[in-house]
Amino acid sequence: MSATTEPTTLADTALPGYIVDHRVVSDVVAERRGPWSGIVHAGQFLTIVDLYGNQAVDCIVYDAADTDIRYSAPDTIAAQGNIYLTEGSVLRANTGDALMTLRHDQVGRHDTIGGACSKESNSLRYGHHTVHQHACVENFLAEGARWGLGKRDLVSNINWYMNVPVEPDGVLGIVDGISAPGLSLTLQADRDVLVLVSNCPQINNPCNGFDPTAVRMIISEGPRPIA
Ligand SMILES: [Zn+2]
């Protein structure tokens, strides 16, 4: 599937078992290397399915009514006392308010300190020949423009499914993922939010297994909490 830019068609349209009783509001594929965005209303769920495994999904969340209120990695980390995101993690804004809560997680650990790839970081890390490669920042800017967002609105992001271990001496790694094909996670909106996603096009490190792939984005309504 990676050699084509044809729209991805889902071979299996069944919902993940734990949201099978939900009413689907939106169910689309975020293409490999491409962006996605959407409004998730308070109480609604956003499920991200790592269709082929080992795909980093860069993500920033904004208050839909006031995008100056946006995801804050340091506030989220400080409030939960842990550098990884996992089931139960509350995504907090720069105001400290809850934006979304990770209700269900089949992977166990997600990164929020590794940042998003850009042509600047790529050329610094991997050499000047990578400066023209499409990167997450371009996805964020192109998709964010649809909502009136610009470069100054791009803050430290979440990397769903990305494995960025912090070694005992504090060194960061970007290593092979711990996700697998078909694994999913589900967030619930604590207020109306705008979710901005870059389905990471990085090919210079193992965050996408050197082969970026499509993911599935499902917005749904259902009983709370998830059974
Ligand atoms: Zn990226």
# chains A, B, ... in the order shown; residues from 1 in each chain; ligands from 1
call {"tool": "closest_atom_pairs", "arguments": {"of": "chain A", "to": "ligand 1", "cutoff": "6 Å", "atoms": "only C-alpha atoms and all ligand atoms", "output": "tab-separated table"}}
result
residue	atom	partner	partner_atom_place_in_ligand_line	distance
A:Ala116	CA	ligand 1	1 (Zn)	5.0
A:Cys117	CA	ligand 1	1 (Zn)	4.0
A:Ala135	CA	ligand 1	1 (Zn)	5.5
A:Cys136	CA	ligand 1	1 (Zn)	4.2
A:Cys200	CA	ligand 1	1 (Zn)	3.9
A:Pro201	CA	ligand 1	1 (Zn)	5.5
A:Gln202	CA	ligand 1	1 (Zn)	5.0
call {"tool": "select_by_dssp", "arguments": {"residues": "region 63-174 of chain A", "states": "helix (DSSP H, G or I)", "output": "PyMOL selection string"}}
result
chain A and resi 73-80+119-126+128-130+136-145+151-153
call {"tool": "write_last_selection", "arguments": {"atoms": "C-alpha atoms", "output": "mmCIF file, in the first residue's frame"}}
result
data_model
loop_
_atom_site.group_PDB
_atom_site.id
_atom_site.type_symbol
_atom_site.label_atom_id
_atom_site.label_comp_id
_atom_site.auth_asym_id
_atom_site.auth_seq_id
_atom_site.Cartn_x
_atom_site.Cartn_y
_atom_site.Cartn_z
ATOM 1 C CA ALA A 73 2.806 19.117 26.880
ATOM 2 C CA PRO A 74 4.405 20.582 30.035
ATOM 3 C CA ASP A 75 1.045 21.173 31.756
ATOM 4 C CA THR A 76 -0.061 17.646 30.824
ATOM 5 C CA ILE A 77 3.166 16.050 32.054
ATOM 6 C CA ALA A 78 3.267 18.076 35.273
ATOM 7 C CA ALA A 79 -0.371 17.396 36.135
ATOM 8 C CA GLN A 80 -0.093 13.622 35.706
ATOM 9 C CA LYS A 119 12.555 20.283 7.146
ATOM 10 C CA GLU A 120 14.722 22.163 9.639
ATOM 11 C CA SER A 121 15.019 19.295 12.134
ATOM 12 C CA ASN A 122 15.415 16.747 9.321
ATOM 13 C CA SER A 123 18.303 18.626 7.722
ATOM 14 C CA LEU A 124 19.942 19.091 11.136
ATOM 15 C CA ARG A 125 19.594 15.428 12.116
ATOM 16 C CA TYR A 126 19.865 13.586 8.821
ATOM 17 C CA HIS A 128 20.936 18.685 4.028
ATOM 18 C CA HIS A 129 19.698 16.274 1.338
ATOM 19 C CA THR A 130 16.526 15.782 3.457
ATOM 20 C CA CYS A 136 4.808 17.049 9.808
ATOM 21 C CA VAL A 137 5.145 20.822 10.080
ATOM 22 C CA GLU A 138 4.033 21.191 6.446
ATOM 23 C CA ASN A 139 1.024 18.974 7.160
ATOM 24 C CA PHE A 140 0.147 21.006 10.255
ATOM 25 C CA LEU A 141 0.457 24.306 8.360
ATOM 26 C CA ALA A 142 -1.581 23.140 5.349
ATOM 27 C CA GLU A 143 -4.363 21.600 7.416
ATOM 28 C CA GLY A 144 -4.264 24.283 10.134
ATOM 29 C CA ALA A 145 -4.775 26.994 7.496
ATOM 30 C CA LYS A 151 2.972 28.742 12.408
ATOM 31 C CA ARG A 152 2.694 30.540 15.743
ATOM 32 C CA ASP A 153 -0.178 28.204 16.638
#
call {"tool": "closest_residue", "arguments": {"among": "A:Gly17, A:Pro165, A:Gly127, A:Pro223", "to": "Tyr84 (chain A)", "atoms": "only C-alpha atoms"}}
result
A:Pro165
call {"tool": "residues_around", "arguments": {"residues": "Thr186 (chain A)", "least_positions_apart": "5", "cutoff": "6 Å", "atoms": "only C-alpha atoms", "output": "PyMOL selection string"}}
result
chain A and resi 46-47+103-104
call {"tool": "write_last_selection", "arguments": {"atoms": "C-alpha atoms", "output": "PDB file, in the first residue's frame"}}
result
ATOM      1  CA  LEU A  46     -12.101  10.053  18.687  1.00  0.00           C
ATOM      2  CA  THR A  47     -10.617   6.665  17.871  1.00  0.00           C
ATOM      3  CA  ARG A 103     -10.171   6.470  27.657  1.00  0.00           C
ATOM      4  CA  HIS A 104      -8.888   3.336  25.971  1.00  0.00           C
TER       5      HIS A 104
END
call {"tool": "select_by_dssp", "arguments": {"residues": "region 2-215 of chain A", "states": "strand (DSSP E or B)", "output": "MDAnalysis selection string"}}
result
chainID A and resid 23:30 35:40 45:50 57:63 66:71 85 90:93 98:105 110:111 158:160 166 172 183:189 193:199 215
call {"tool": "closest_residue", "arguments": {"among": "A:Arg224, A:His22, A:Arg92, A:Arg33", "to": "Arg191 (chain A)", "atoms": "only C-alpha atoms"}}
result
A:Arg92
call {"tool": "closest_residue", "arguments": {"among": "A:Ala14, A:Leu91, A:Met217, A:Val193", "to": "Ala64 (chain A)", "atoms": "only C-alpha atoms"}}
result
A:Val193
call {"tool": "closest_residue", "arguments": {"among": "A:Asn204, A:Gln106, A:Gln55, A:Ser72", "to": "Leu185 (chain A)", "atoms": "only C-alpha atoms"}}
result
A:Gln106
call {"tool": "closest_residue", "arguments": {"among": "A:Gly182, A:Ile218, A:Ser198, A:Val25", "to": "Asp50 (chain A)", "atoms": "only C-alpha atoms"}}
result
A:Gly182
call {"tool": "residues_around", "arguments": {"residues": "Ser179 (chain A)", "least_positions_apart": "5", "cutoff": "7 Å", "atoms": "only C-alpha atoms", "output": "list in words"}}
result
Gly53, Asn54, Val107 and Tyr161 of chain A
call {"tool": "closest_residue", "arguments": {"among": "A:Ile48, A:Ala65, A:Ile83, A:Leu102", "to": "Ile226 (chain A)", "atoms": "only C-alpha atoms"}}
result
A:Leu102
call {"tool": "residues_around", "arguments": {"residues": "Ala42 (chain A)", "least_positions_apart": "2", "cutoff": "8 Å", "atoms": "only C-alpha atoms", "output": "ChimeraX atom specification"}}
result
/A:40,44,188-193
call {"tool": "write_last_selection", "arguments": {"atoms": "C-alpha atoms", "output": "compact mmCIF listing (two decimals), in the first residue's frame"}}
result
# COMPACT_ATOMS: atom_id res chain seq x y z
CA VAL A 40 -14.86 16.53 18.31
CA GLN A 44 -17.78 12.51 21.75
CA GLN A 188 -13.03 11.47 24.76
CA ALA A 189 -13.48 15.22 24.38
CA ASP A 190 -13.86 17.08 27.67
CA ARG A 191 -15.02 20.17 25.75
CA ASP A 192 -15.55 20.98 22.07
CA VAL A 193 -12.11 20.58 20.53
call {"tool": "residues_around", "arguments": {"residues": "Gly38 (chain A)", "least_positions_apart": "3", "cutoff": "7 Å", "atoms": "only C-alpha atoms", "output": "PyMOL selection string"}}
result
chain A and resi 194-196
